[in-house]
Amino acid sequence: MLLAGTIVGPSFGQDTPVQGGTLIYLEQQAHTNLYPPAGGFYPNGGVLNQITDKLTYQNPQTLEIEPWLAESWQVNDTATEYTFKLRPGITFSDGTPLDAKTVALNYDTFGLGNKDLKYPVSEVINNYDHAEVIDDLTIKFHFNKPSPGFLQGTAVIGSGIVAASTLALPYDELGDATKIIGTGPFVVESETLGKELNLKVREDYNWGPVKFTHQGRAYLDGIKYIITPEDSVRIGALLAGQADAIRQIQAYDEPQVIDAGFPIYAPGTRGLNNAISFRPDNPLVADLKVRQALLNATNRKEIVDTLFSANYPLATSVLSSQAAGYVDLSDKLVYDQDKAKALFAEAGWIPGADGILEKDGQKLDLTVYVSLPQPQNEGVLQLLAQQWAQVGVKLNVLAGDAGSRTLDLLDPLKTPVNVTMVGRADPDVIKSAYYPKNRDWLLQKGGSSDKTNFVDDKLNALLEGLAAETDREKRLAIAGDIQRHVLDEAYTIPFFEEPQAFATAPYVNGLEFEAVGRPSFYNTWVAAH
């Protein structure tokens with residue numbers, strides 16, 4: 001969506017795309033690993049979206065799945081076999097052909113992982129068994145249980161196809177963008193790790209999504225990514241004409257950008273909303289009444305109204321209102337301090353001399369780490385800490401270095417509260433978040449942490465059912481059941497529907513976004529200015 005009052009469409013009297021120019025793009029954070037299934041991290045996706053293509057394309061307006069590298073596909077009645085026919089004549093940037101054998105290697109890696117090379121399994125592929133090469137351009141994927149989300153999974157950023165030479169490298173080497181060989185409209189020209197990335201156009205590119213009017217090479221000659229962590233520096237560079245496009249506009253900067261006549265784009269991420277989630281294996285939040293009390297003590301509207309703009313709608317469920325399967329559960333997200341205090345009392349927590357709740361000599365003293373990718377997250381958590389203090393709960397908001405933060409987040413005793421959000425335009429996104437063998441937000445036994453004994457068998461059964469149900473209406477109903485269960489158990493407190501916020505100079509045209517808000521520069525062009 002565009003903010004009201006911004007410039008829409010071509011400017012400078014031009015409405016015909018112009019070829020040429022290098023786009024200066026300021027990114028808030030450096031990319032990490034560029035193994036395609038790691039593309040969920042937005043800086044990673046912002047690179048992978050330019051240098052890799054997918055078997056299919058999800059139309060961001062209709063959410064329909066359309067042909068891209070694959071010209072057609074068939075799915076059997078039980079969603080256990082998917083057969084794709086590839087478009088002929090497509091090549092990787094190293095000159096090797098895109099064929100069924102290479103696609104099979106990609107999906108066998110994505111779907112099964114590779115322990116020797118340390119490749120993790122993709123969170124968007126469920127119940128995968130193997131790929132079968134039928135002929136050079138035909139491939140069949142087999143699943144050991146129904147996998148109704150797989151077709152949409154072939155369209156996501158985490159399913160970009162890379163050359164066999166890339167997948168021959170250890171996972172740890174794929175933080176180097178120069179080693180990612182794709183079929184995309186741009187190729188990596190050079191990189192200064194953590195600081196700058198230069199992409200150049202691929203002159204012979206001629207296989208954009210089939211329904212695009214524009215085929216052939218991208219309009220831009222290149223894209224220069226410059227890592228610019230400071231919000232004020234990105235805004236200043238854009239307004240001063242030193243940058244053409246920037247990502248991560250904070251809500252408080254929006255008026256300044258709009259007043260200068262620059263367009264702001266805020267595409268939604270259509271997945272699980274910006275939130276905090278609890279780790280029930282921590283004894284301080286193991287009691288349902290405590291989690292419910294913390295939910296009732298949270299004034300979500302105050303957080304949104306204080307820190308954000310109309311581009312950040314108040315969450316009414318754990319799932320975005322733009323997502324398939326969304327259910328409005330506002331009635332389970334009520335701010336009520338008196339109810340919170342009563343629930344704490346029922347759970348045996350009483351105020352100590354310093355006002356902090358105590359039980360059995362232990363204080364209700366919780367810790368959460370700031371999540372840099374989420375907009376104004378430190379401000380959100382500090383305001384949350386003020387709200388919880390009003391009912392006797394201490395919330396410590398930590399920055400922490402990357403190393404200690406990563407280790408602590410796997411220990412429920414150290415981090416009972418975690419910042420959570422994930423974008424994907426398919427109900428399987430819920431399984432990606434909560435299932436122990438995926439993102440494992442709740443830190444369940446058998447998942448990412450060996451320091452937990454908590455398990456929710458009911459939730460896991462629902463998540464497995466969601467991933468295997470072939471009847472669309474039944475699948476969406478299961479998605480609703482999961483949302484209700486998560487809020488009934490007060491596992492998550494959702495704040496707002498998180499967009500990705502971008503701004504461009506008025507002379508930048510054709511900036512587009514895939515279905516969950518990652519930029520695509522294939523149709524982007526720069527008018528004379």
# chains A, B, ... in the order shown; residues from 1 in each chain; ligands from 1
>>> select_by_dssp(residues="range 251-391 of chain A", states="strand (DSSP E)", output="PyMOL selection string")
chain A and resi 264-265+272-278+350-351+357-359+362-363+365-369
>>> write_last_selection(atoms="C-alpha atoms", output="compact mmCIF listing (two decimals), in the first residue's frame")
# COMPACT_ATOMS: atom_id res chain seq x y z
CA ILE A 264 6.45 5.47 0.83
CA TYR A 265 5.51 1.84 0.22
CA LEU A 272 2.15 -14.16 11.78
CA ASN A 273 1.98 -10.74 13.33
CA ASN A 274 4.65 -8.83 15.21
CA ALA A 275 4.38 -10.24 18.73
CA ILE A 276 6.04 -11.69 21.77
CA SER A 277 5.82 -15.40 22.53
CA PHE A 278 6.40 -17.20 25.81
CA ILE A 350 1.56 -11.19 45.61
CA PRO A 351 3.33 -7.79 45.57
CA LEU A 357 5.16 -9.75 42.41
CA GLU A 358 6.62 -12.61 44.44
CA LYS A 359 5.86 -16.28 44.95
CA GLN A 362 10.99 -15.69 43.70
CA LYS A 363 10.20 -12.44 41.89
CA ASP A 365 11.34 -10.90 36.82
CA LEU A 366 11.40 -11.66 33.07
CA THR A 367 13.92 -11.05 30.29
CA VAL A 368 13.51 -10.34 26.57
CA TYR A 369 16.03 -9.47 23.85
>>> residues_around(residues="range 155-170 of chain A", least_positions_apart="3", cutoff="6 Å", atoms="only C-alpha atoms", output="NGL selection string")
:A and (36-37 or 39 or 52-54 or 56-58 or 117 or 152 or 173 or 180-182)
>>> residues_around(residues="Gln250 in chain A", least_positions_apart="5", cutoff="12 Å", atoms="only C-alpha atoms", output="PyMOL selection string")
chain A and resi 28+230-232+234-235+255-257+264-266+307-309+311-312+373-377+379+498-503
>>> residues_around(residues="Gln322 in chain A", least_positions_apart="5", cutoff="10 Å", atoms="only C-alpha atoms", output="PDB file with N, CA and C atoms, in the first residue's frame")
ATOM      1  N   GLY A 268       2.226  -5.396   3.102  1.00  0.00           N
ATOM      2  CA  GLY A 268       2.057  -6.279   4.250  1.00  0.00           C
ATOM      3  C   GLY A 268       2.826  -7.574   4.079  1.00  0.00           C
ATOM      4  N   THR A 269       3.067  -8.234   5.214  1.00  0.00           N
ATOM      5  CA  THR A 269       3.839  -9.471   5.180  1.00  0.00           C
ATOM      6  C   THR A 269       2.962 -10.719   5.284  1.00  0.00           C
ATOM      7  N   ARG A 270       1.658 -10.540   5.539  1.00  0.00           N
ATOM      8  CA  ARG A 270       0.637 -11.589   5.399  1.00  0.00           C
ATOM      9  C   ARG A 270       0.905 -12.877   6.179  1.00  0.00           C
ATOM     10  N   GLY A 271       1.647 -12.783   7.241  1.00  0.00           N
ATOM     11  CA  GLY A 271       1.948 -13.992   7.999  1.00  0.00           C
ATOM     12  C   GLY A 271       1.537 -13.838   9.448  1.00  0.00           C
ATOM     13  N   ALA A 425       2.524 -16.048   2.713  1.00  0.00           N
ATOM     14  CA  ALA A 425       1.130 -15.977   2.288  1.00  0.00           C
ATOM     15  C   ALA A 425       0.553 -17.376   2.089  1.00  0.00           C
ATOM     16  N   GLU A 497       0.117  -5.802  12.706  1.00  0.00           N
ATOM     17  CA  GLU A 497       0.408  -6.446  11.426  1.00  0.00           C
ATOM     18  C   GLU A 497       1.603  -5.717  10.827  1.00  0.00           C
TER      19      GLU A 497
END
>>> closest_residue(among="A:Ile482, A:Leu34, A:Val397, A:Ala342", to="Lys179 in chain A", atoms="only C-alpha atoms")
A:Leu34
>>> residues_around(residues="Gly89 in chain A", least_positions_apart="4", cutoff="9 Å", atoms="only C-alpha atoms", output="number ranges by chain")
A: 97-98, 207
>>> closest_residue(among="A:Val187, A:Val516, A:Val380, A:Val18", to="Pro60 in chain A", atoms="only C-alpha atoms")
A:Val516
>>> residues_around(residues="range 325-332 of chain A", least_positions_apart="2", cutoff="10 Å", atoms="only C-alpha atoms", output="MDAnalysis selection string")
chainID A and resid 270:272 292 295:296 314:323 334:335 426:427 472:481 483:484 487:488 490
>>> write_last_selection(atoms="N, CA and C atoms", output="tab-separated table (two decimals), in the first residue's frame")
chain	number	residue	atom	x	y	z
A	270	ARG	N	1.66	-10.54	5.54
A	270	ARG	CA	0.64	-11.59	5.40
A	270	ARG	C	0.90	-12.88	6.18
A	271	GLY	N	1.65	-12.78	7.24
A	271	GLY	CA	1.95	-13.99	8.00
A	271	GLY	C	1.54	-13.84	9.45
A	272	LEU	N	2.40	-14.29	10.35
A	272	LEU	CA	2.15	-14.16	11.78
A	272	LEU	C	2.63	-12.80	12.25
A	292	GLN	N	-1.93	-15.56	30.89
A	292	GLN	CA	-3.18	-14.82	30.62
A	292	GLN	C	-3.14	-13.44	31.29
A	295	LEU	N	-1.06	-11.15	29.25
A	295	LEU	CA	-1.81	-10.71	28.07
A	295	LEU	C	-2.78	-9.60	28.45
A	296	ASN	N	-3.51	-9.79	29.56
A	296	ASN	CA	-4.47	-8.76	29.99
A	296	ASN	C	-3.79	-7.48	30.45
A	314	LEU	N	-3.50	-2.60	14.20
A	314	LEU	CA	-3.54	-3.37	15.43
A	314	LEU	C	-3.90	-4.82	15.11
A	315	ALA	N	-3.14	-5.76	15.66
A	315	ALA	CA	-3.39	-7.18	15.40
A	315	ALA	C	-4.70	-7.60	16.06
A	316	THR	N	-5.46	-8.42	15.38
A	316	THR	CA	-6.71	-8.96	15.93
A	316	THR	C	-6.66	-10.48	16.03
A	317	SER	N	-5.49	-11.05	15.76
A	317	SER	CA	-5.24	-12.48	15.94
A	317	SER	C	-3.72	-12.65	15.88
A	318	VAL	N	-3.25	-13.87	16.02
A	318	VAL	CA	-1.82	-14.09	15.81
A	318	VAL	C	-1.49	-14.02	14.32
A	319	LEU	N	-2.49	-14.25	13.47
A	319	LEU	CA	-2.32	-14.25	12.01
A	319	LEU	C	-2.83	-12.95	11.42
A	320	SER	N	-2.13	-12.47	10.39
A	320	SER	CA	-2.52	-11.23	9.72
A	320	SER	C	-3.92	-11.32	9.14
A	321	SER	N	-4.64	-10.20	9.17
A	321	SER	CA	-5.99	-10.16	8.59
A	321	SER	C	-5.94	-10.31	7.07
A	322	GLN	N	-4.75	-10.15	6.46
A	322	GLN	CA	-4.60	-10.34	5.02
A	322	GLN	C	-4.31	-11.79	4.65
A	323	ALA	N	-4.24	-12.67	5.65
A	323	ALA	CA	-3.82	-14.04	5.41
A	323	ALA	C	-5.01	-14.98	5.25
A	334	VAL	N	-7.96	-8.72	25.17
A	334	VAL	CA	-8.54	-7.59	25.90
A	334	VAL	C	-7.55	-7.05	26.94
A	335	TYR	N	-7.41	-5.75	26.96
A	335	TYR	CA	-6.58	-5.08	27.97
A	335	TYR	C	-7.43	-4.84	29.20
A	426	ASP	N	0.62	-18.20	3.12
A	426	ASP	CA	0.02	-19.54	3.10
A	426	ASP	C	-0.19	-19.96	4.55
A	427	PRO	N	-1.29	-20.68	4.85
A	427	PRO	CA	-1.53	-21.10	6.24
A	427	PRO	C	-0.40	-21.91	6.86
A	472	ARG	N	-9.41	-27.57	1.16
A	472	ARG	CA	-9.08	-26.18	1.49
A	472	ARG	C	-9.88	-25.66	2.67
A	473	GLU	N	-11.19	-25.90	2.70
A	473	GLU	CA	-12.02	-25.36	3.77
A	473	GLU	C	-11.66	-25.99	5.11
A	474	LYS	N	-11.38	-27.29	5.10
A	474	LYS	CA	-10.98	-27.95	6.34
A	474	LYS	C	-9.62	-27.43	6.81
A	475	ARG	N	-8.74	-27.18	5.85
A	475	ARG	CA	-7.41	-26.67	6.19
A	475	ARG	C	-7.51	-25.28	6.83
A	476	LEU	N	-8.36	-24.43	6.27
A	476	LEU	CA	-8.53	-23.09	6.83
A	476	LEU	C	-9.19	-23.16	8.21
A	477	ALA	N	-10.08	-24.13	8.38
A	477	ALA	CA	-10.71	-24.31	9.69
A	477	ALA	C	-9.68	-24.73	10.74
A	478	ILE	N	-8.75	-25.59	10.35
A	478	ILE	CA	-7.68	-25.98	11.27
A	478	ILE	C	-6.83	-24.76	11.63
A	479	ALA	N	-6.56	-23.92	10.63
A	479	ALA	CA	-5.79	-22.69	10.90
A	479	ALA	C	-6.50	-21.85	11.96
A	480	GLY	N	-7.83	-21.77	11.87
A	480	GLY	CA	-8.59	-21.05	12.88
A	480	GLY	C	-8.49	-21.70	14.25
A	481	ASP	N	-8.55	-23.03	14.29
A	481	ASP	CA	-8.44	-23.74	15.56
A	481	ASP	C	-7.08	-23.48	16.22
A	483	GLN	N	-5.16	-20.79	15.80
A	483	GLN	CA	-5.13	-19.41	16.31
A	483	GLN	C	-5.85	-19.32	17.66
A	484	ARG	N	-7.00	-19.98	17.77
A	484	ARG	CA	-7.75	-19.95	19.04
A	484	ARG	C	-6.95	-20.62	20.15
A	487	LEU	N	-4.06	-18.48	21.48
A	487	LEU	CA	-4.48	-17.38	22.34
A	487	LEU	C	-5.15	-17.89	23.61
A	488	ASP	N	-5.88	-19.00	23.54
A	488	ASP	CA	-6.46	-19.58	24.77
A	488	ASP	C	-5.36	-19.98	25.75
A	490	ALA	N	-2.53	-18.46	25.77
A	490	ALA	CA	-1.75	-17.23	25.95
A	490	ALA	C	-0.27	-17.47	25.67
>>> closest_residue(among="A:Asp305, A:Val370, A:Gln386, A:Val455", to="Ala399 in chain A", atoms="only C-alpha atoms")
A:Val370
>>> select_by_dssp(residues="range 190-370 of chain A", states="alpha helix (DSSP H)", output="mmCIF file with N, CA and C atoms, in the first residue's frame")
data_model
loop_
_atom_site.group_PDB
_atom_site.id
_atom_site.type_symbol
_atom_site.label_atom_id
_atom_site.label_comp_id
_atom_site.auth_asym_id
_atom_site.auth_seq_id
_atom_site.Cartn_x
_atom_site.Cartn_y
_atom_site.Cartn_z
ATOM 1 N N ASP A 231 18.848 5.022 10.937
ATOM 2 C CA ASP A 231 17.634 5.464 10.248
ATOM 3 C C ASP A 231 17.803 6.872 9.681
ATOM 4 N N SER A 232 18.354 7.777 10.482
ATOM 5 C CA SER A 232 18.462 9.180 10.058
ATOM 6 C C SER A 232 19.399 9.324 8.862
ATOM 7 N N VAL A 233 20.413 8.479 8.793
ATOM 8 C CA VAL A 233 21.344 8.554 7.665
ATOM 9 C C VAL A 233 20.665 8.082 6.381
ATOM 10 N N ARG A 234 19.869 7.021 6.470
ATOM 11 C CA ARG A 234 19.158 6.548 5.273
ATOM 12 C C ARG A 234 18.173 7.605 4.776
ATOM 13 N N ILE A 235 17.400 8.167 5.699
ATOM 14 C CA ILE A 235 16.422 9.196 5.324
ATOM 15 C C ILE A 235 17.134 10.410 4.724
ATOM 16 N N GLY A 236 18.192 10.845 5.397
ATOM 17 C CA GLY A 236 18.914 12.027 4.921
ATOM 18 C C GLY A 236 19.504 11.832 3.539
ATOM 19 N N ALA A 237 20.071 10.647 3.299
ATOM 20 C CA ALA A 237 20.663 10.368 1.987
ATOM 21 C C ALA A 237 19.597 10.362 0.901
ATOM 22 N N LEU A 238 18.436 9.787 1.200
ATOM 23 C CA LEU A 238 17.353 9.752 0.214
ATOM 24 C C LEU A 238 16.890 11.167 -0.126
ATOM 25 N N LEU A 239 16.616 11.952 0.896
ATOM 26 C CA LEU A 239 16.080 13.298 0.662
ATOM 27 C C LEU A 239 17.109 14.226 0.026
ATOM 28 N N GLU A 254 7.864 9.000 8.700
ATOM 29 C CA GLU A 254 6.975 9.037 7.526
ATOM 30 C C GLU A 254 6.552 10.455 7.143
ATOM 31 N N PRO A 255 6.123 11.304 8.091
ATOM 32 C CA PRO A 255 5.697 12.656 7.683
ATOM 33 C C PRO A 255 6.800 13.445 6.980
ATOM 34 N N GLN A 256 8.022 13.322 7.458
ATOM 35 C CA GLN A 256 9.150 14.043 6.849
ATOM 36 C C GLN A 256 9.331 13.614 5.396
ATOM 37 N N VAL A 257 9.216 12.318 5.129
ATOM 38 C CA VAL A 257 9.406 11.800 3.774
ATOM 39 C C VAL A 257 8.257 12.243 2.871
ATOM 40 N N ILE A 258 7.034 12.134 3.382
ATOM 41 C CA ILE A 258 5.855 12.516 2.593
ATOM 42 C C ILE A 258 5.877 14.013 2.277
ATOM 43 N N ASP A 259 6.216 14.816 3.285
ATOM 44 C CA ASP A 259 6.239 16.275 3.076
ATOM 45 C C ASP A 259 7.249 16.679 2.010
ATOM 46 N N LEU A 288 -0.584 -21.104 33.129
ATOM 47 C CA LEU A 288 -1.468 -20.455 32.153
ATOM 48 C C LEU A 288 -2.015 -19.143 32.697
ATOM 49 N N LYS A 289 -2.373 -19.116 33.987
ATOM 50 C CA LYS A 289 -2.949 -17.892 34.551
ATOM 51 C C LYS A 289 -1.960 -16.733 34.501
ATOM 52 N N VAL A 290 -0.666 -17.025 34.663
ATOM 53 C CA VAL A 290 0.346 -15.971 34.578
ATOM 54 C C VAL A 290 0.413 -15.425 33.154
ATOM 55 N N ARG A 291 0.431 -16.324 32.176
ATOM 56 C CA ARG A 291 0.481 -15.860 30.776
ATOM 57 C C ARG A 291 -0.776 -15.072 30.422
ATOM 58 N N GLN A 292 -1.931 -15.556 30.885
ATOM 59 C CA GLN A 292 -3.178 -14.823 30.619
ATOM 60 C C GLN A 292 -3.137 -13.443 31.286
ATOM 61 N N ALA A 293 -2.590 -13.394 32.489
ATOM 62 C CA ALA A 293 -2.495 -12.112 33.184
ATOM 63 C C ALA A 293 -1.590 -11.147 32.425
ATOM 64 N N LEU A 294 -0.483 -11.654 31.915
ATOM 65 C CA LEU A 294 0.428 -10.798 31.141
ATOM 66 C C LEU A 294 -0.253 -10.295 29.868
ATOM 67 N N LEU A 295 -1.061 -11.147 29.248
ATOM 68 C CA LEU A 295 -1.812 -10.713 28.067
ATOM 69 C C LEU A 295 -2.778 -9.596 28.453
ATOM 70 N N ASN A 296 -3.513 -9.786 29.561
ATOM 71 C CA ASN A 296 -4.469 -8.761 29.990
ATOM 72 C C ASN A 296 -3.786 -7.479 30.451
ATOM 73 N N ARG A 300 -2.087 -3.136 23.981
ATOM 74 C CA ARG A 300 -1.555 -3.216 22.621
ATOM 75 C C ARG A 300 -1.890 -1.937 21.841
ATOM 76 N N LYS A 301 -3.079 -1.407 22.069
ATOM 77 C CA LYS A 301 -3.494 -0.197 21.344
ATOM 78 C C LYS A 301 -2.586 0.980 21.697
ATOM 79 N N GLU A 302 -2.206 1.088 22.978
ATOM 80 C CA GLU A 302 -1.302 2.163 23.370
ATOM 81 C C GLU A 302 0.038 2.023 22.653
ATOM 82 N N ILE A 303 0.529 0.803 22.513
ATOM 83 C CA ILE A 303 1.801 0.574 21.818
ATOM 84 C C ILE A 303 1.699 1.027 20.364
ATOM 85 N N VAL A 304 0.633 0.608 19.688
ATOM 86 C CA VAL A 304 0.474 0.954 18.266
ATOM 87 C C VAL A 304 0.241 2.448 18.095
ATOM 88 N N ASP A 305 -0.643 3.017 18.918
ATOM 89 C CA ASP A 305 -0.964 4.449 18.774
ATOM 90 C C ASP A 305 0.230 5.336 19.113
ATOM 91 N N THR A 306 1.066 4.894 20.048
ATOM 92 C CA THR A 306 2.194 5.711 20.493
ATOM 93 C C THR A 306 3.353 5.661 19.513
ATOM 94 N N LEU A 307 3.615 4.509 18.947
ATOM 95 C CA LEU A 307 4.853 4.301 18.195
ATOM 96 C C LEU A 307 4.688 4.174 16.688
ATOM 97 N N GLN A 337 -6.380 -4.390 33.326
ATOM 98 C CA GLN A 337 -5.416 -4.484 34.426
ATOM 99 C C GLN A 337 -6.005 -5.162 35.650
ATOM 100 N N ASP A 338 -7.265 -4.889 35.953
ATOM 101 C CA ASP A 338 -7.882 -5.510 37.126
ATOM 102 C C ASP A 338 -7.948 -7.028 36.975
ATOM 103 N N LYS A 339 -8.295 -7.477 35.795
ATOM 104 C CA LYS A 339 -8.346 -8.916 35.544
ATOM 105 C C LYS A 339 -6.943 -9.526 35.656
ATOM 106 N N ALA A 340 -5.941 -8.782 35.137
ATOM 107 C CA ALA A 340 -4.559 -9.261 35.229
ATOM 108 C C ALA A 340 -4.150 -9.437 36.687
ATOM 109 N N LYS A 341 -4.455 -8.443 37.522
ATOM 110 C CA LYS A 341 -4.083 -8.526 38.936
ATOM 111 C C LYS A 341 -4.791 -9.684 39.629
ATOM 112 N N ALA A 342 -6.062 -9.884 39.280
ATOM 113 C CA ALA A 342 -6.811 -10.991 39.883
ATOM 114 C C ALA A 342 -6.220 -12.340 39.490
ATOM 115 N N LEU A 343 -5.811 -12.476 38.231
ATOM 116 C CA LEU A 343 -5.215 -13.734 37.770
ATOM 117 C C LEU A 343 -3.873 -13.999 38.446
ATOM 118 N N PHE A 344 -3.069 -12.950 38.613
ATOM 119 C CA PHE A 344 -1.796 -13.118 39.326
ATOM 120 C C PHE A 344 -2.065 -13.603 40.757
ATOM 121 N N ALA A 345 -3.073 -12.994 41.406
ATOM 122 C CA ALA A 345 -3.395 -13.387 42.783
ATOM 123 C C ALA A 345 -3.853 -14.843 42.839
ATOM 124 N N GLU A 346 -4.682 -15.251 41.882
ATOM 125 C CA GLU A 346 -5.142 -16.640 41.824
ATOM 126 C C GLU A 346 -3.974 -17.597 41.641
#
>>> closest_residue(among="A:Gly46, A:Val124, A:Thr62, A:Phe92", to="Ala324 in chain A", atoms="only C-alpha atoms")
A:Thr62
>>> atom_distance(atom1="CA of Lys451 in chain A", atom2="CA of Asp281 in chain A")
8.9 Å
>>> atom_distance(atom1="CA of Asp135 in chain A", atom2="CA of Gly216 in chain A")
26.6 Å
>>> atom_distance(atom1="CA of Val121 in chain A", atom2="CA of Glu71 in chain A")
26.0 Å
>>> closest_residue(among="A:Ser93, A:Asn509, A:Gln382, A:Asn144", to="Lys394 in chain A", atoms="only C-alpha atoms")
A:Gln382
>>> closest_residue(among="A:Thr138, A:Thr298, A:Thr78, A:Asn106", to="Val393 in chain A", atoms="only C-alpha atoms")
A:Thr298
>>> decode(residues="range 26-91 of chain A", atoms="C-alpha atoms", output="CSV table (one decimal), in the first residue's frame")
chain,number,residue,atom,x,y,z
A,26,LEU,CA,20.3,1.6,1.3
A,27,GLU,CA,19.5,-1.5,3.5
A,28,GLN,CA,19.3,-1.3,7.3
A,29,GLN,CA,21.1,-4.6,7.9
A,30,ALA,CA,23.6,-6.8,6.1
A,31,HIS,CA,22.5,-10.1,4.7
A,32,THR,CA,23.5,-13.2,6.5
A,33,ASN,CA,23.4,-16.6,4.8
A,34,LEU,CA,22.0,-16.7,1.2
A,35,TYR,CA,21.1,-20.4,1.1
A,36,PRO,CA,17.6,-19.8,-0.3
A,37,PRO,CA,15.7,-21.3,2.6
A,38,ALA,CA,17.4,-18.7,4.8
A,39,GLY,CA,15.7,-16.0,2.7
A,40,GLY,CA,13.1,-15.4,5.3
A,41,PHE,CA,15.4,-12.8,6.9
A,42,TYR,CA,14.4,-9.7,4.9
A,43,PRO,CA,17.9,-8.5,4.0
A,44,ASN,CA,18.6,-12.0,2.6
A,45,GLY,CA,15.3,-12.0,0.7
A,46,GLY,CA,16.0,-8.5,-0.7
A,47,VAL,CA,19.2,-10.0,-2.4
A,48,LEU,CA,17.9,-13.4,-3.3
A,49,ASN,CA,14.8,-11.9,-5.0
A,50,GLN,CA,17.1,-10.3,-7.6
A,51,ILE,CA,19.5,-13.1,-8.3
A,52,THR,CA,17.3,-16.2,-8.2
A,53,ASP,CA,14.0,-17.2,-9.7
A,54,LYS,CA,11.3,-19.6,-8.5
A,55,LEU,CA,9.4,-22.5,-10.2
A,56,THR,CA,6.2,-20.4,-9.7
A,57,TYR,CA,5.2,-16.8,-9.0
A,58,GLN,CA,2.6,-15.8,-6.4
A,59,ASN,CA,0.7,-12.8,-7.7
A,60,PRO,CA,0.8,-10.3,-4.8
A,61,GLN,CA,-2.6,-8.9,-5.6
A,62,THR,CA,-4.6,-12.1,-6.1
A,63,LEU,CA,-2.3,-14.6,-4.3
A,64,GLU,CA,-2.8,-17.0,-7.2
A,65,ILE,CA,0.1,-19.2,-8.2
A,66,GLU,CA,1.3,-18.5,-11.8
A,67,PRO,CA,4.0,-20.0,-14.1
A,68,TRP,CA,7.6,-18.8,-13.9
A,69,LEU,CA,10.5,-21.2,-14.4
A,70,ALA,CA,7.9,-23.9,-14.7
A,71,GLU,CA,5.4,-23.4,-17.5
A,72,SER,CA,2.9,-25.9,-16.1
A,73,TRP,CA,2.3,-28.4,-13.3
A,74,GLN,CA,-0.1,-31.2,-12.2
A,75,VAL,CA,-1.0,-32.2,-8.7
A,76,ASN,CA,-2.5,-35.6,-7.8
A,77,ASP,CA,-5.7,-35.9,-5.8
A,78,THR,CA,-4.0,-36.5,-2.5
A,79,ALA,CA,-1.4,-33.8,-2.9
A,80,THR,CA,1.4,-36.4,-2.6
A,81,GLU,CA,2.8,-36.0,-6.1
A,82,TYR,CA,3.5,-32.7,-8.0
A,83,THR,CA,4.8,-32.8,-11.6
A,84,PHE,CA,6.4,-29.7,-13.1
A,85,LYS,CA,7.3,-29.0,-16.7
A,86,LEU,CA,10.1,-26.5,-17.0
A,87,ARG,CA,10.3,-23.7,-19.6
A,88,PRO,CA,13.1,-24.5,-22.2
A,89,GLY,CA,16.2,-22.4,-22.8
A,90,ILE,CA,16.7,-21.1,-19.2
A,91,THR,CA,20.3,-21.0,-18.0
